[in-house]
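Below is one structure, written out as structure tokens; comments come after it.
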Amino acid sequence: MAEATVQAISQWPSEQVLIVADNAPARWGDVLAWVAALAGGASPKPGGRIGLPSYRVRNDRARDALGWAPFYSTYRTGLAR
């Protein structure tokens, strides 16, 4: 993520937003459940907090505009290290 941010600051002339994320958009509940499983804990209860919406994003623009690719293609791969 830091690498893509540095590239965006130096190479992206537009004021359009670039999404820096992995290649597998995920819901917060899925990510938090994965982290809990890695830590040996229970999955969070469904529903979540109002301040933590579940949404998915795509990194296509950052990949195309910067020639960037995430070091780990998915959050699961990165967090399992």
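Here's how to read the names in the structure tokens: chain A, B, ... by the order shown, residue numbers from 1 in each chain, ligand numbers from 1 in the order shown.
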* Asked: Can you tell me, as JSON, numbers by chain, what residues are no more than 10 Å from region 75-79 of chain A when counting only C-alpha atoms, ignoring any on the same chain fewer than 5 positions away?
  -> {"A": [21, 22, 23, 24, 25, 26, 31, 34, 35, 38, 70]}
* To do: Identify all residues of chain A in alpha helix (DSSP H) (DSSP on the backbone) and supply them as an NGL selection string.
  => :A and (2-11 or 28-38 or 60-66 or 75-79)
* **Point-to-point distance in Å for CA of Lys45 (chain A) and CA of Ala33 (chain A)** =>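 According to the coordinates, CA of Ala33 (chain A) and CA of Lys45 (chain A) are separated by 9.2 Å.
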